[in-house]
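This is my_file_36.tsv. It holds TSV, C-alpha atoms.
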```
chain	number	residue	atom	x	y	z
A	1	MET	CA	63.34	132.76	150.09
A	2	GLN	CA	66.49	130.97	151.14
A	3	ALA	CA	68.71	129.60	148.32
A	4	ARG	CA	68.62	125.88	147.93
A	5	PRO	CA	72.04	124.31	148.55
A	6	ALA	CA	73.69	122.59	145.60
A	7	ALA	CA	73.69	118.84	145.55
A	8	ALA	CA	76.91	117.40	146.83
A	9	VAL	CA	78.99	115.39	144.40
A	10	PRO	CA	79.08	111.79	145.61
A	11	PRO	CA	82.52	110.71	146.75
A	12	ILE	CA	84.57	108.64	144.34
A	13	PRO	CA	84.79	105.08	145.57
A	14	THR	CA	88.27	103.82	146.07
A	15	ARG	CA	89.70	100.42	146.65
A	16	PRO	CA	92.99	99.33	148.13
A	17	ALA	CA	95.92	99.23	145.76
A	18	SER	CA	96.99	95.74	144.84
A	19	ALA	CA	100.27	94.43	143.54
A	20	ASN	CA	98.89	94.32	139.99
A	21	SER	CA	97.34	97.81	139.94
A	22	ALA	CA	99.35	100.81	138.74
A	23	SER	CA	100.35	103.19	141.51
A	24	THR	CA	99.43	106.87	141.34
A	25	ALA	CA	100.91	109.96	142.89
A	26	PRO	CA	99.73	110.91	146.41
A	27	GLY	CA	96.51	112.91	146.32
A	28	ARG	CA	95.74	112.02	142.68
A	29	PRO	CA	92.81	109.67	141.93
A	30	GLY	CA	93.40	106.67	139.72
A	31	ALA	CA	92.42	106.49	136.04
A	32	ALA	CA	89.51	104.10	136.69
A	33	ALA	CA	88.11	106.42	139.35
A	34	LEU	CA	88.29	109.42	137.04
A	35	LEU	CA	86.51	107.56	134.26
A	36	ALA	CA	83.82	106.40	136.67
A	37	ASN	CA	83.02	109.94	137.80
A	38	PRO	CA	80.94	111.80	135.18
A	39	ALA	CA	81.96	115.16	136.66
A	40	VAL	CA	85.54	114.68	135.51
A	41	GLN	CA	86.45	115.97	132.02
A	42	PRO	CA	87.67	113.35	129.50
A	43	SER	CA	90.91	115.26	128.85
A	44	LYS	CA	91.94	114.88	132.49
A	45	ALA	CA	91.21	111.19	132.42
A	46	ALA	CA	93.22	110.79	129.24
A	47	ALA	CA	96.17	112.51	130.88
A	48	VAL	CA	96.16	109.98	133.73
A	49	LEU	CA	95.89	107.10	131.26
A	50	GLN	CA	99.27	107.97	129.78
A	51	LEU	CA	102.22	105.77	130.57
A	52	PRO	CA	104.00	106.65	133.81
A	53	GLU	CA	107.25	107.46	132.04
A	54	GLN	CA	105.38	109.88	129.78
A	55	ILE	CA	104.25	111.85	132.82
A	56	THR	CA	107.10	111.69	135.28
A	57	ALA	CA	110.24	110.98	133.22
A	58	PRO	CA	112.25	114.11	132.46
A	59	SER	CA	112.66	114.87	128.79
A	60	GLU	CA	116.10	114.03	127.49
A	61	LYS	CA	117.82	116.85	125.66
A	62	PRO	CA	118.96	115.58	122.28
A	63	SER	CA	122.60	116.05	121.45
A	64	ARG	CA	123.52	118.82	119.08
A	65	ALA	CA	124.91	116.30	116.66
A	66	GLY	CA	121.74	114.27	116.66
A	67	ARG	CA	123.43	110.86	116.55
A	68	ASN	CA	125.68	108.49	118.46
A	69	LEU	CA	129.08	109.59	117.13
A	70	PRO	CA	131.24	106.56	118.19
A	71	ALA	CA	128.70	104.10	116.81
A	72	ALA	CA	128.29	106.13	113.62
A	73	ILE	CA	132.05	106.26	113.00
A	74	GLY	CA	132.52	102.55	113.77
A	75	VAL	CA	129.69	101.39	111.51
A	76	GLY	CA	130.72	103.79	108.73
A	77	LEU	CA	134.34	102.62	108.76
A	78	ALA	CA	133.31	98.94	108.82
A	79	LEU	CA	131.02	99.41	105.81
A	80	LEU	CA	133.70	101.36	103.94
A	81	VAL	CA	136.34	98.66	104.54
A	82	VAL	CA	134.04	95.86	103.36
A	83	VAL	CA	133.05	97.78	100.24
A	84	LEU	CA	136.64	98.72	99.39
A	85	ILE	CA	137.86	95.11	99.73
A	86	GLY	CA	135.25	93.89	97.26
A	87	LEU	CA	135.75	96.85	94.97
A	88	LEU	CA	139.53	96.66	94.73
A	89	PHE	CA	140.07	92.90	94.72
A	90	TYR	CA	136.87	91.25	93.43
A	91	PRO	CA	134.53	93.57	91.48
A	92	PRO	CA	131.72	90.98	91.03
A	93	ALA	CA	131.44	90.83	94.83
A	94	PHE	CA	131.08	94.61	94.84
A	95	ALA	CA	128.27	94.30	92.29
A	96	VAL	CA	126.50	91.86	94.63
A	97	MET	CA	126.91	94.36	97.47
A	98	VAL	CA	125.29	97.02	95.32
A	99	ILE	CA	122.31	94.75	94.63
A	100	LEU	CA	121.93	93.84	98.30
A	101	ALA	CA	122.12	97.49	99.36
A	102	SER	CA	119.52	98.40	96.75
A	103	ALA	CA	117.20	95.61	97.92
A	104	LEU	CA	117.50	96.67	101.55
A	105	GLY	CA	116.87	100.30	100.67
A	106	VAL	CA	113.75	99.36	98.68
A	107	TRP	CA	112.53	97.29	101.63
A	108	GLU	CA	112.97	100.22	104.03
A	109	VAL	CA	111.12	102.70	101.83
A	110	SER	CA	108.32	100.26	100.92
A	111	ARG	CA	107.78	99.57	104.63
A	112	ALA	CA	107.55	103.31	105.34
A	113	LEU	CA	105.07	103.70	102.47
A	114	LEU	CA	103.00	100.84	103.86
A	115	GLN	CA	102.59	102.76	107.12
A	116	ARG	CA	100.85	105.46	105.09
A	117	GLY	CA	98.62	102.94	103.34
A	118	VAL	CA	100.58	102.74	100.06
A	119	VAL	CA	101.23	99.15	98.95
A	120	VAL	CA	103.86	98.86	96.21
A	121	PRO	CA	104.14	95.87	93.83
A	122	ILE	CA	107.16	94.33	95.50
A	123	VAL	CA	107.73	91.46	93.01
A	124	PRO	CA	108.51	93.56	89.88
A	125	ILE	CA	110.37	96.08	92.04
A	126	MET	CA	112.70	93.43	93.46
A	127	PHE	CA	113.19	92.11	89.92
A	128	SER	CA	114.25	95.64	88.96
A	129	VAL	CA	116.66	95.72	91.91
A	130	VAL	CA	118.56	92.81	90.37
A	131	ALA	CA	118.08	93.58	86.68
A	132	MET	CA	119.23	97.21	86.60
A	133	PRO	CA	122.68	96.79	88.20
A	134	VAL	CA	123.36	93.62	86.19
A	135	VAL	CA	122.37	95.26	82.90
A	136	GLY	CA	124.29	98.42	83.74
A	137	TYR	CA	127.40	96.45	84.67
A	138	TYR	CA	127.44	94.15	81.64
A	139	VAL	CA	125.77	96.29	78.95
A	140	GLY	CA	126.41	99.91	79.84
A	141	ALA	CA	124.50	103.19	80.07
A	142	GLU	CA	122.22	102.46	77.09
A	143	GLY	CA	121.26	99.11	78.57
A	144	LEU	CA	120.56	100.73	81.95
A	145	LEU	CA	118.15	103.23	80.38
A	146	PHE	CA	116.39	100.41	78.52
A	147	ALA	CA	116.16	98.44	81.78
A	148	LEU	CA	114.56	101.42	83.54
A	149	VAL	CA	111.82	101.71	80.91
A	150	ALA	CA	111.22	97.94	80.84
A	151	CYS	CA	111.04	97.69	84.64
A	152	ALA	CA	108.65	100.67	84.84
A	153	LEU	CA	106.36	98.95	82.31
A	154	ALA	CA	106.58	95.73	84.33
A	155	VAL	CA	105.45	97.59	87.46
A	156	MET	CA	102.52	99.16	85.62
A	157	ILE	CA	101.37	95.90	84.04
A	158	TRP	CA	101.78	93.88	87.24
A	159	ARG	CA	99.80	96.35	89.33
A	160	SER	CA	97.13	96.90	86.68
A	161	LEU	CA	96.30	93.19	86.74
A	162	ASP	CA	95.71	93.40	90.49
A	163	GLU	CA	92.16	94.32	91.49
A	164	THR	CA	93.19	95.75	94.85
A	165	PRO	CA	92.12	99.43	95.26
A	166	GLY	CA	94.72	102.17	94.95
A	167	THR	CA	96.22	101.11	91.63
A	168	GLY	CA	97.33	104.55	90.49
A	169	GLN	CA	98.97	105.43	93.79
A	170	SER	CA	100.72	102.07	93.90
A	171	ILE	CA	102.06	102.40	90.33
A	172	PHE	CA	103.43	105.89	90.93
A	173	ALA	CA	105.10	104.78	94.16
A	174	GLY	CA	106.58	101.69	92.48
A	175	VAL	CA	108.00	103.59	89.50
A	176	PHE	CA	109.40	106.22	91.87
A	177	LEU	CA	111.10	103.52	93.93
A	178	ILE	CA	112.89	101.85	91.02
A	179	ALA	CA	113.95	105.21	89.56
A	180	TRP	CA	115.23	106.46	92.91
A	181	ILE	CA	117.16	103.47	94.26
A	182	PRO	CA	118.18	100.70	91.81
A	183	PHE	CA	118.48	103.01	88.81
A	184	LEU	CA	120.61	105.69	90.49
A	185	ILE	CA	122.81	103.27	92.41
A	186	SER	CA	123.61	101.41	89.17
A	187	PHE	CA	125.69	104.40	88.05
A	188	VAL	CA	128.33	103.22	90.52
A	189	LEU	CA	128.76	100.12	88.36
A	190	LEU	CA	128.86	102.25	85.23
A	191	LEU	CA	131.92	103.99	86.67
A	192	ILE	CA	133.71	100.65	86.88
A	193	ARG	CA	132.71	99.76	83.34
A	194	ALA	CA	133.47	103.18	81.87
A	195	SER	CA	137.11	102.40	81.07
A	196	ASP	CA	137.70	98.77	81.95
A	197	GLY	CA	134.51	96.99	80.97
A	198	PRO	CA	132.84	94.30	83.09
A	199	ALA	CA	134.91	91.78	85.00
A	200	SER	CA	134.27	88.06	84.81
A	201	ALA	CA	133.10	86.07	87.82
A	202	LEU	CA	136.65	84.76	88.35
A	203	ALA	CA	138.39	88.11	88.00
A	204	PHE	CA	140.42	88.44	91.19
A	205	ARG	CA	142.59	91.50	90.90
A	206	GLY	CA	145.99	92.08	92.44
A	207	GLY	CA	148.50	94.90	92.30
A	208	TRP	CA	147.41	98.42	91.43
A	209	PRO	CA	143.59	98.61	90.96
A	210	GLU	CA	142.04	99.46	87.62
A	211	LEU	CA	141.00	103.02	86.83
A	212	GLY	CA	137.29	102.30	87.09
A	213	ALA	CA	137.65	100.95	90.62
A	214	LEU	CA	139.75	103.96	91.60
A	215	LYS	CA	137.02	106.27	90.33
A	216	VAL	CA	134.47	104.58	92.58
A	217	VAL	CA	136.91	104.72	95.51
A	218	THR	CA	137.32	108.45	94.91
A	219	VAL	CA	133.55	108.98	94.85
A	220	LEU	CA	133.05	107.02	98.08
A	221	LEU	CA	135.88	108.90	99.81
A	222	LEU	CA	134.38	112.22	98.72
A	223	VAL	CA	130.93	111.25	99.99
A	224	VAL	CA	132.37	110.15	103.34
A	225	ALA	CA	134.47	113.31	103.59
A	226	SER	CA	131.48	115.48	102.77
A	227	ASP	CA	129.34	113.80	105.42
A	228	THR	CA	132.10	113.78	108.07
A	229	PHE	CA	133.34	117.37	107.66
A	230	GLY	CA	129.79	118.65	107.23
A	231	TYR	CA	128.80	116.92	110.46
A	232	LEU	CA	131.79	118.35	112.38
A	233	PHE	CA	131.43	121.92	111.06
A	234	GLY	CA	127.68	121.83	111.60
A	235	ALA	CA	128.03	120.58	115.18
A	236	LEU	CA	130.72	123.14	116.04
A	237	PHE	CA	129.71	126.24	114.09
A	238	GLY	CA	126.21	125.59	112.69
A	239	LYS	CA	123.94	128.61	113.24
A	240	HIS	CA	122.23	129.22	109.89
A	241	PRO	CA	119.86	126.41	108.78
A	242	MET	CA	120.04	125.51	105.14
A	243	ALA	CA	116.50	124.12	104.82
A	244	PRO	CA	114.77	124.42	108.23
A	245	LYS	CA	111.46	123.01	107.03
A	246	ILE	CA	113.13	119.90	105.58
A	247	SER	CA	116.23	119.24	107.70
A	248	PRO	CA	116.58	121.64	110.65
A	249	LYS	CA	120.02	120.34	111.68
A	250	LYS	CA	121.64	120.90	108.27
A	251	SER	CA	123.37	124.29	108.24
A	252	TRP	CA	125.25	126.43	105.75
A	253	GLU	CA	128.31	126.20	107.98
A	254	GLY	CA	128.14	122.43	107.66
A	255	PHE	CA	127.83	122.74	103.89
A	256	ILE	CA	130.95	124.92	103.77
A	257	GLY	CA	132.75	122.30	105.86
A	258	SER	CA	131.65	119.61	103.41
A	259	VAL	CA	133.06	121.56	100.46
A	260	LEU	CA	136.38	122.28	102.20
A	261	GLY	CA	136.86	118.75	103.53
A	262	ALA	CA	135.83	117.06	100.30
A	263	SER	CA	138.09	119.40	98.28
A	264	LEU	CA	141.06	118.40	100.42
A	265	ILE	CA	140.34	114.69	99.95
A	266	GLY	CA	139.56	115.27	96.27
A	267	VAL	CA	142.93	116.88	95.60
A	268	LEU	CA	144.76	114.02	97.32
A	269	ALA	CA	142.70	111.37	95.51
A	270	SER	CA	143.12	113.10	92.16
A	271	VAL	CA	146.91	113.34	92.47
A	272	PHE	CA	147.72	109.99	94.12
A	273	LEU	CA	144.90	107.70	92.91
A	274	LEU	CA	143.69	109.01	89.59
A	275	ARG	CA	147.02	110.56	88.54
A	276	GLU	CA	145.21	113.70	87.40
A	277	ALA	CA	145.74	117.43	87.99
A	278	TRP	CA	144.83	118.76	91.42
A	279	TRP	CA	141.98	120.90	90.10
A	280	VAL	CA	140.19	117.76	88.90
A	281	GLY	CA	139.77	116.77	92.55
A	282	VAL	CA	138.27	120.17	93.38
A	283	VAL	CA	135.77	119.92	90.51
A	284	LEU	CA	134.78	116.41	91.57
A	285	ALA	CA	134.48	117.47	95.22
A	286	VAL	CA	132.22	120.45	94.55
A	287	GLY	CA	129.98	118.47	92.20
A	288	ILE	CA	129.67	115.50	94.52
A	289	VAL	CA	129.02	117.68	97.58
A	290	LEU	CA	126.24	119.50	95.72
A	291	ALA	CA	124.72	116.23	94.52
A	292	GLY	CA	125.12	114.46	97.87
A	293	THR	CA	123.58	117.35	99.80
A	294	THR	CA	120.65	117.38	97.39
A	295	GLY	CA	120.18	113.65	97.89
A	296	ASP	CA	120.29	114.05	101.65
A	297	LEU	CA	117.68	116.82	101.57
A	298	ALA	CA	115.51	114.81	99.19
A	299	GLU	CA	115.45	111.84	101.55
A	300	SER	CA	114.75	114.14	104.51
A	301	MET	CA	111.79	115.60	102.64
A	302	ILE	CA	110.44	112.13	101.86
A	303	LYS	CA	110.83	111.05	105.50
A	304	ARG	CA	109.03	114.19	106.63
A	305	GLU	CA	106.17	113.49	104.21
A	306	LEU	CA	105.96	109.89	105.44
A	307	GLY	CA	106.15	110.95	109.09
A	308	VAL	CA	109.22	108.86	110.02
A	309	LYS	CA	112.50	109.91	111.66
A	310	ASP	CA	114.64	107.14	110.14
A	311	MET	CA	113.81	104.60	107.46
A	312	SER	CA	114.83	101.86	109.92
A	313	SER	CA	117.25	101.27	112.81
A	314	ILE	CA	119.50	98.52	111.45
A	315	LEU	CA	122.69	100.63	111.51
A	316	PRO	CA	123.66	101.87	115.00
A	317	GLY	CA	124.34	105.59	114.98
A	318	HIS	CA	123.03	105.98	111.42
A	319	GLY	CA	119.42	104.80	111.37
A	320	GLY	CA	118.50	102.91	108.23
A	321	LEU	CA	120.64	102.03	105.24
A	322	MET	CA	118.81	104.65	103.18
A	323	ASP	CA	120.14	107.27	105.60
A	324	ARG	CA	123.61	106.31	104.29
A	325	LEU	CA	122.66	105.71	100.67
A	326	ASP	CA	120.82	109.01	100.17
A	327	SER	CA	123.96	110.96	99.30
A	328	ILE	CA	125.50	108.16	97.20
A	329	LEU	CA	122.34	107.78	95.09
A	330	PHE	CA	122.68	111.35	93.80
A	331	ALA	CA	126.48	111.45	93.87
A	332	ALA	CA	126.89	108.39	91.62
A	333	PRO	CA	125.21	109.81	88.47
A	334	ALA	CA	126.81	113.21	89.12
A	335	ALA	CA	130.25	111.56	89.28
A	336	PHE	CA	129.53	109.57	86.12
A	337	MET	CA	128.65	112.75	84.22
A	338	LEU	CA	131.67	114.64	85.61
A	339	PHE	CA	134.09	111.86	84.70
A	340	SER	CA	132.54	111.61	81.23
A	341	LEU	CA	132.88	115.37	80.77
A	342	LEU	CA	136.51	115.33	81.91
A	343	ASP	CA	137.30	112.44	79.55
A	344	TRP	CA	135.67	114.34	76.68
A	345	LEU	CA	137.66	117.51	77.46
A	346	GLN	CA	140.90	115.58	77.59
A	347	GLY	CA	140.10	114.03	74.21
A	348	LEU	CA	139.78	117.41	72.47
```

Mind converting the file's structure to structure tokens?
Amino acid sequence: MQARPAAAVPPIPTRPASANSASTAPGRPGAAALLANPAVQPSKAAAVLQLPEQITAPSEKPSRAGRNLPAAIGVGLALLVVVLIGLLFYPPAFAVMVILASALGVWEVSRALLQRGVVVPIVPIMFSVVAMPVVGYYVGAEGLLFALVACALAVMIWRSLDETPGTGQSIFAGVFLIAWIPFLISFVLLLIRASDGPASALAFRGGWPELGALKVVTVLLLVVASDTFGYLFGALFGKHPMAPKISPKKSWEGFIGSVLGASLIGVLASVFLLREAWWVGVVLAVGIVLAGTTGDLAESMIKRELGVKDMSSILPGHGGLMDRLDSILFAAPAAFMLFSLLDWLQGL
């Protein structure tokens, strides 16, 4: 018997391309035609349904640095100048800046959590954003600890009264937020209060700044030096990743650059600002670099868990504000403990 010929596949109907229809490459059927033909596999149709730039645009090779360097330097210097003006000449304005930065950081993280289905109780959290720095600035370390416990209880009670599902997850996320951002950033204000006490709302300062303000200036300069020298050494010499699963671009060479650069700035700040021995600047630099690097890796781990690259894009060249605060949040309590330890040793 003669084999029966296979049935021919009916031709795919085509229609003239119009001005509103998407053009396709020569010899390639359109997406609608592929979907209309049952002989075509769904994966091929899905490939044609992608955006044109996803198919034809060449992939851009990211820079080794991973950020826009001129924009990053410009934004960083502008922020540093604004903060230093408030810190040196009108401390209450600096306290307001701390509260605003904390509020913006909480907003960025809560928005990222919302993308993963975690809704935090924003009302008691924003109350904590204001209460913790104010209590820390006017009462001190004991008041800040009391404020942390009170605000955590407020988050638990507020969320427990809400009947929306996911109470436990929301409470844990809320308590984590207030302990991570407003609590840790309030240690910056404790540094101001440590020797000088709180300033009144009309306390404009002239002449040589007070010791507390100079301590905060030293911490900020060390954080900036750590980030800048670590970035430069990592971009030029980075070959050995420090934590490839958390932050692939952070290298041990960059960490060494952070320690060396921050030690140089620390010695200068210790001698000319704090009027202390040079080795005090080295101790402060090493401690703050360790704490700041830990804070940076912690935020990178959280972003990786949440599936986001940056917390937001409000700062050109930097990403979100949390991408700048991550090091300061860990460096502030480390600096407070180091300064307290140095004061205790000098009092022996």

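Taking only C-alpha atoms into account, the residues near (98.4, 104.1, 103.8), no farther than 12 Å, are A:Ser110, A:Arg111, A:Ala112, A:Leu113, A:Leu114, A:Gln115, A:Arg116, A:Gly117, A:Val118, A:Val119, A:Val120, A:Pro165, A:Gly166, A:Gln169, A:Ser170, A:Ala173, A:Leu306, A:Gly307.
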
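For region 223-232 of chain A, the non-local neighbours within 8 Å, defined as residues at least 4 positions apart in the same chain or in other chains and counting all atoms listed in the file, are Ala65, Val219, Leu236, Glu253, Gly254, Phe255, Ile256, Gly257, Ser258, Val259, Leu260, Gly261, Ala262, Ile265, Ile288, Val289, Gly292, Ser327, Ile328 and Ala331 of chain A.
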
What is the distance between CA of Ala334 (chain A) and CA of Lys309 (chain A), in Å to one decimal?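 Rounded to one decimal, the two atoms are 26.9 Å apart.
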
Choose the residue, out of A:Cys151, A:Leu222, A:Met242, A:Leu100, that has the smallest atom-to-atom separation from Ser270 (chain A); count all atoms listed in the file.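 Using all atoms listed in the file, the shortest distance to Ser270 (chain A) belongs to A:Leu222.
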
Between A:His240, A:Val308, A:Thr218, A:Val98, which is the closest to Val282 (chain A) once you count all atoms listed in the file?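 Distance minimum relative to Val282 (chain A) lands on A:Thr218.
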
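Taking CA of Phe187 (chain A) as the reference point, CA of Ala152 (chain A) is found at 17.7 Å.
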
May I ask for the distance between CA of Leu190 (chain A) and CA of Ile171 (chain A), given in Å to one decimal place?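 Value for the CA of Leu190 (chain A)-CA of Ile171 (chain A) distance: 27.3 Å.
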
For region 114-121 of chain A, take all atoms listed in the file, fit an axis-aligned box around them, add 5 Å to each of the six sides, then output centre and edge lengths in Å rounded to one decimal, as JSON.
```
{"center_x": 101.4, "center_y": 100.7, "center_z": 100.5, "size_x": 15.5, "size_y": 19.6, "size_z": 23.3}
```

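Omitting Leu338 (chain A) and its sequence neighbours fewer than 5 positions away, and counting only C-alpha atoms, the residues within 12 Å are Leu191, Lys215, Val219, Val280, Gly281, Val282, Val283, Leu284, Ala285, Val286, Gly287, Ile288, Ala291, Ala331, Ala332, Pro333, Asp343, Trp344 and Leu345 of chain A.
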
Leu104 (chain A): which residues within 12 Å, counting all atoms listed in the file, same-chain residues fewer than 2 positions away excluded, as a PyMOL selection string? chain A and resi 97-102+106-111+125-126+129-130+181-182+311-312+314-315+320-325

Mind rebuilding region 121-130 of chain A with all heavy atoms and writing that out as a PDB file, in the frame of the given file?
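Final output, saved to part.pdb:
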```pdb
ATOM      1  N   PRO A 121     103.985  97.218  94.388  1.00  0.00           N
ATOM      2  CA  PRO A 121     104.140  95.870  93.830  1.00  0.00           C
ATOM      3  C   PRO A 121     105.566  95.373  94.016  1.00  0.00           C
ATOM      4  O   PRO A 121     106.455  95.660  93.213  1.00  0.00           O
ATOM      5  CB  PRO A 121     103.775  96.041  92.355  1.00  0.00           C
ATOM      6  CG  PRO A 121     104.041  97.480  92.071  1.00  0.00           C
ATOM      7  CD  PRO A 121     103.791  98.232  93.336  1.00  0.00           C
ATOM      8  N   ILE A 122     105.799  94.645  95.082  1.00  0.00           N
ATOM      9  CA  ILE A 122     107.160  94.330  95.500  1.00  0.00           C
ATOM     10  C   ILE A 122     107.849  93.347  94.551  1.00  0.00           C
ATOM     11  O   ILE A 122     109.075  93.394  94.393  1.00  0.00           O
ATOM     12  CB  ILE A 122     107.142  93.771  96.941  1.00  0.00           C
ATOM     13  CG1 ILE A 122     108.550  93.835  97.552  1.00  0.00           C
ATOM     14  CG2 ILE A 122     106.570  92.375  96.964  1.00  0.00           C
ATOM     15  CD1 ILE A 122     109.064  95.222  97.752  1.00  0.00           C
ATOM     16  N   VAL A 123     107.100  92.461  93.885  1.00  0.00           N
ATOM     17  CA  VAL A 123     107.730  91.460  93.010  1.00  0.00           C
ATOM     18  C   VAL A 123     108.443  92.107  91.823  1.00  0.00           C
ATOM     19  O   VAL A 123     109.643  91.876  91.604  1.00  0.00           O
ATOM     20  CB  VAL A 123     106.695  90.414  92.556  1.00  0.00           C
ATOM     21  CG1 VAL A 123     107.311  89.478  91.515  1.00  0.00           C
ATOM     22  CG2 VAL A 123     106.178  89.614  93.752  1.00  0.00           C
ATOM     23  N   PRO A 124     107.771  92.931  90.999  1.00  0.00           N
ATOM     24  CA  PRO A 124     108.510  93.560  89.880  1.00  0.00           C
ATOM     25  C   PRO A 124     109.558  94.553  90.359  1.00  0.00           C
ATOM     26  O   PRO A 124     110.565  94.767  89.674  1.00  0.00           O
ATOM     27  CB  PRO A 124     107.404  94.249  89.068  1.00  0.00           C
ATOM     28  CG  PRO A 124     106.288  94.448  90.022  1.00  0.00           C
ATOM     29  CD  PRO A 124     106.334  93.297  90.967  1.00  0.00           C
ATOM     30  N   ILE A 125     109.369  95.132  91.538  1.00  0.00           N
ATOM     31  CA  ILE A 125     110.370  96.080  92.040  1.00  0.00           C
ATOM     32  C   ILE A 125     111.645  95.339  92.422  1.00  0.00           C
ATOM     33  O   ILE A 125     112.760  95.776  92.101  1.00  0.00           O
ATOM     34  CB  ILE A 125     109.800  96.858  93.246  1.00  0.00           C
ATOM     35  CG1 ILE A 125     108.718  97.834  92.768  1.00  0.00           C
ATOM     36  CG2 ILE A 125     110.901  97.620  93.968  1.00  0.00           C
ATOM     37  CD1 ILE A 125     108.043  98.596  93.877  1.00  0.00           C
ATOM     38  N   MET A 126     111.513  94.195  93.096  1.00  0.00           N
ATOM     39  CA  MET A 126     112.700  93.430  93.460  1.00  0.00           C
ATOM     40  C   MET A 126     113.376  92.837  92.213  1.00  0.00           C
ATOM     41  O   MET A 126     114.602  92.689  92.180  1.00  0.00           O
ATOM     42  CB  MET A 126     112.328  92.318  94.443  1.00  0.00           C
ATOM     43  CG  MET A 126     112.081  92.825  95.853  1.00  0.00           C
ATOM     44  SD  MET A 126     113.554  93.682  96.510  1.00  0.00           S
ATOM     45  CE  MET A 126     112.948  94.241  98.097  1.00  0.00           C
ATOM     46  N   PHE A 127     112.596  92.517  91.199  1.00  0.00           N
ATOM     47  CA  PHE A 127     113.190  92.110  89.920  1.00  0.00           C
ATOM     48  C   PHE A 127     114.023  93.248  89.336  1.00  0.00           C
ATOM     49  O   PHE A 127     115.119  93.032  88.805  1.00  0.00           O
ATOM     50  CB  PHE A 127     112.098  91.678  88.948  1.00  0.00           C
ATOM     51  CG  PHE A 127     112.605  91.386  87.562  1.00  0.00           C
ATOM     52  CD1 PHE A 127     113.227  90.181  87.268  1.00  0.00           C
ATOM     53  CD2 PHE A 127     112.473  92.328  86.552  1.00  0.00           C
ATOM     54  CE1 PHE A 127     113.711  89.912  86.002  1.00  0.00           C
ATOM     55  CE2 PHE A 127     112.937  92.077  85.277  1.00  0.00           C
ATOM     56  CZ  PHE A 127     113.566  90.862  85.000  1.00  0.00           C
ATOM     57  N   SER A 128     113.513  94.478  89.453  1.00  0.00           N
ATOM     58  CA  SER A 128     114.250  95.640  88.960  1.00  0.00           C
ATOM     59  C   SER A 128     115.527  95.860  89.750  1.00  0.00           C
ATOM     60  O   SER A 128     116.548  96.295  89.192  1.00  0.00           O
ATOM     61  CB  SER A 128     113.366  96.892  89.051  1.00  0.00           C
ATOM     62  OG  SER A 128     112.137  96.709  88.379  1.00  0.00           O
ATOM     63  N   VAL A 129     115.481  95.564  91.058  1.00  0.00           N
ATOM     64  CA  VAL A 129     116.660  95.720  91.910  1.00  0.00           C
ATOM     65  C   VAL A 129     117.819  94.867  91.401  1.00  0.00           C
ATOM     66  O   VAL A 129     118.986  95.287  91.460  1.00  0.00           O
ATOM     67  CB  VAL A 129     116.298  95.366  93.363  1.00  0.00           C
ATOM     68  CG1 VAL A 129     117.544  95.157  94.208  1.00  0.00           C
ATOM     69  CG2 VAL A 129     115.426  96.455  93.970  1.00  0.00           C
ATOM     70  N   VAL A 130     117.513  93.692  90.895  1.00  0.00           N
ATOM     71  CA  VAL A 130     118.560  92.810  90.370  1.00  0.00           C
ATOM     72  C   VAL A 130     118.890  93.142  88.921  1.00  0.00           C
ATOM     73  O   VAL A 130     120.069  93.180  88.531  1.00  0.00           O
ATOM     74  CB  VAL A 130     118.122  91.334  90.497  1.00  0.00           C
ATOM     75  CG1 VAL A 130     119.179  90.416  89.901  1.00  0.00           C
ATOM     76  CG2 VAL A 130     117.863  90.980  91.950  1.00  0.00           C
TER      77      VAL A 130
END
```
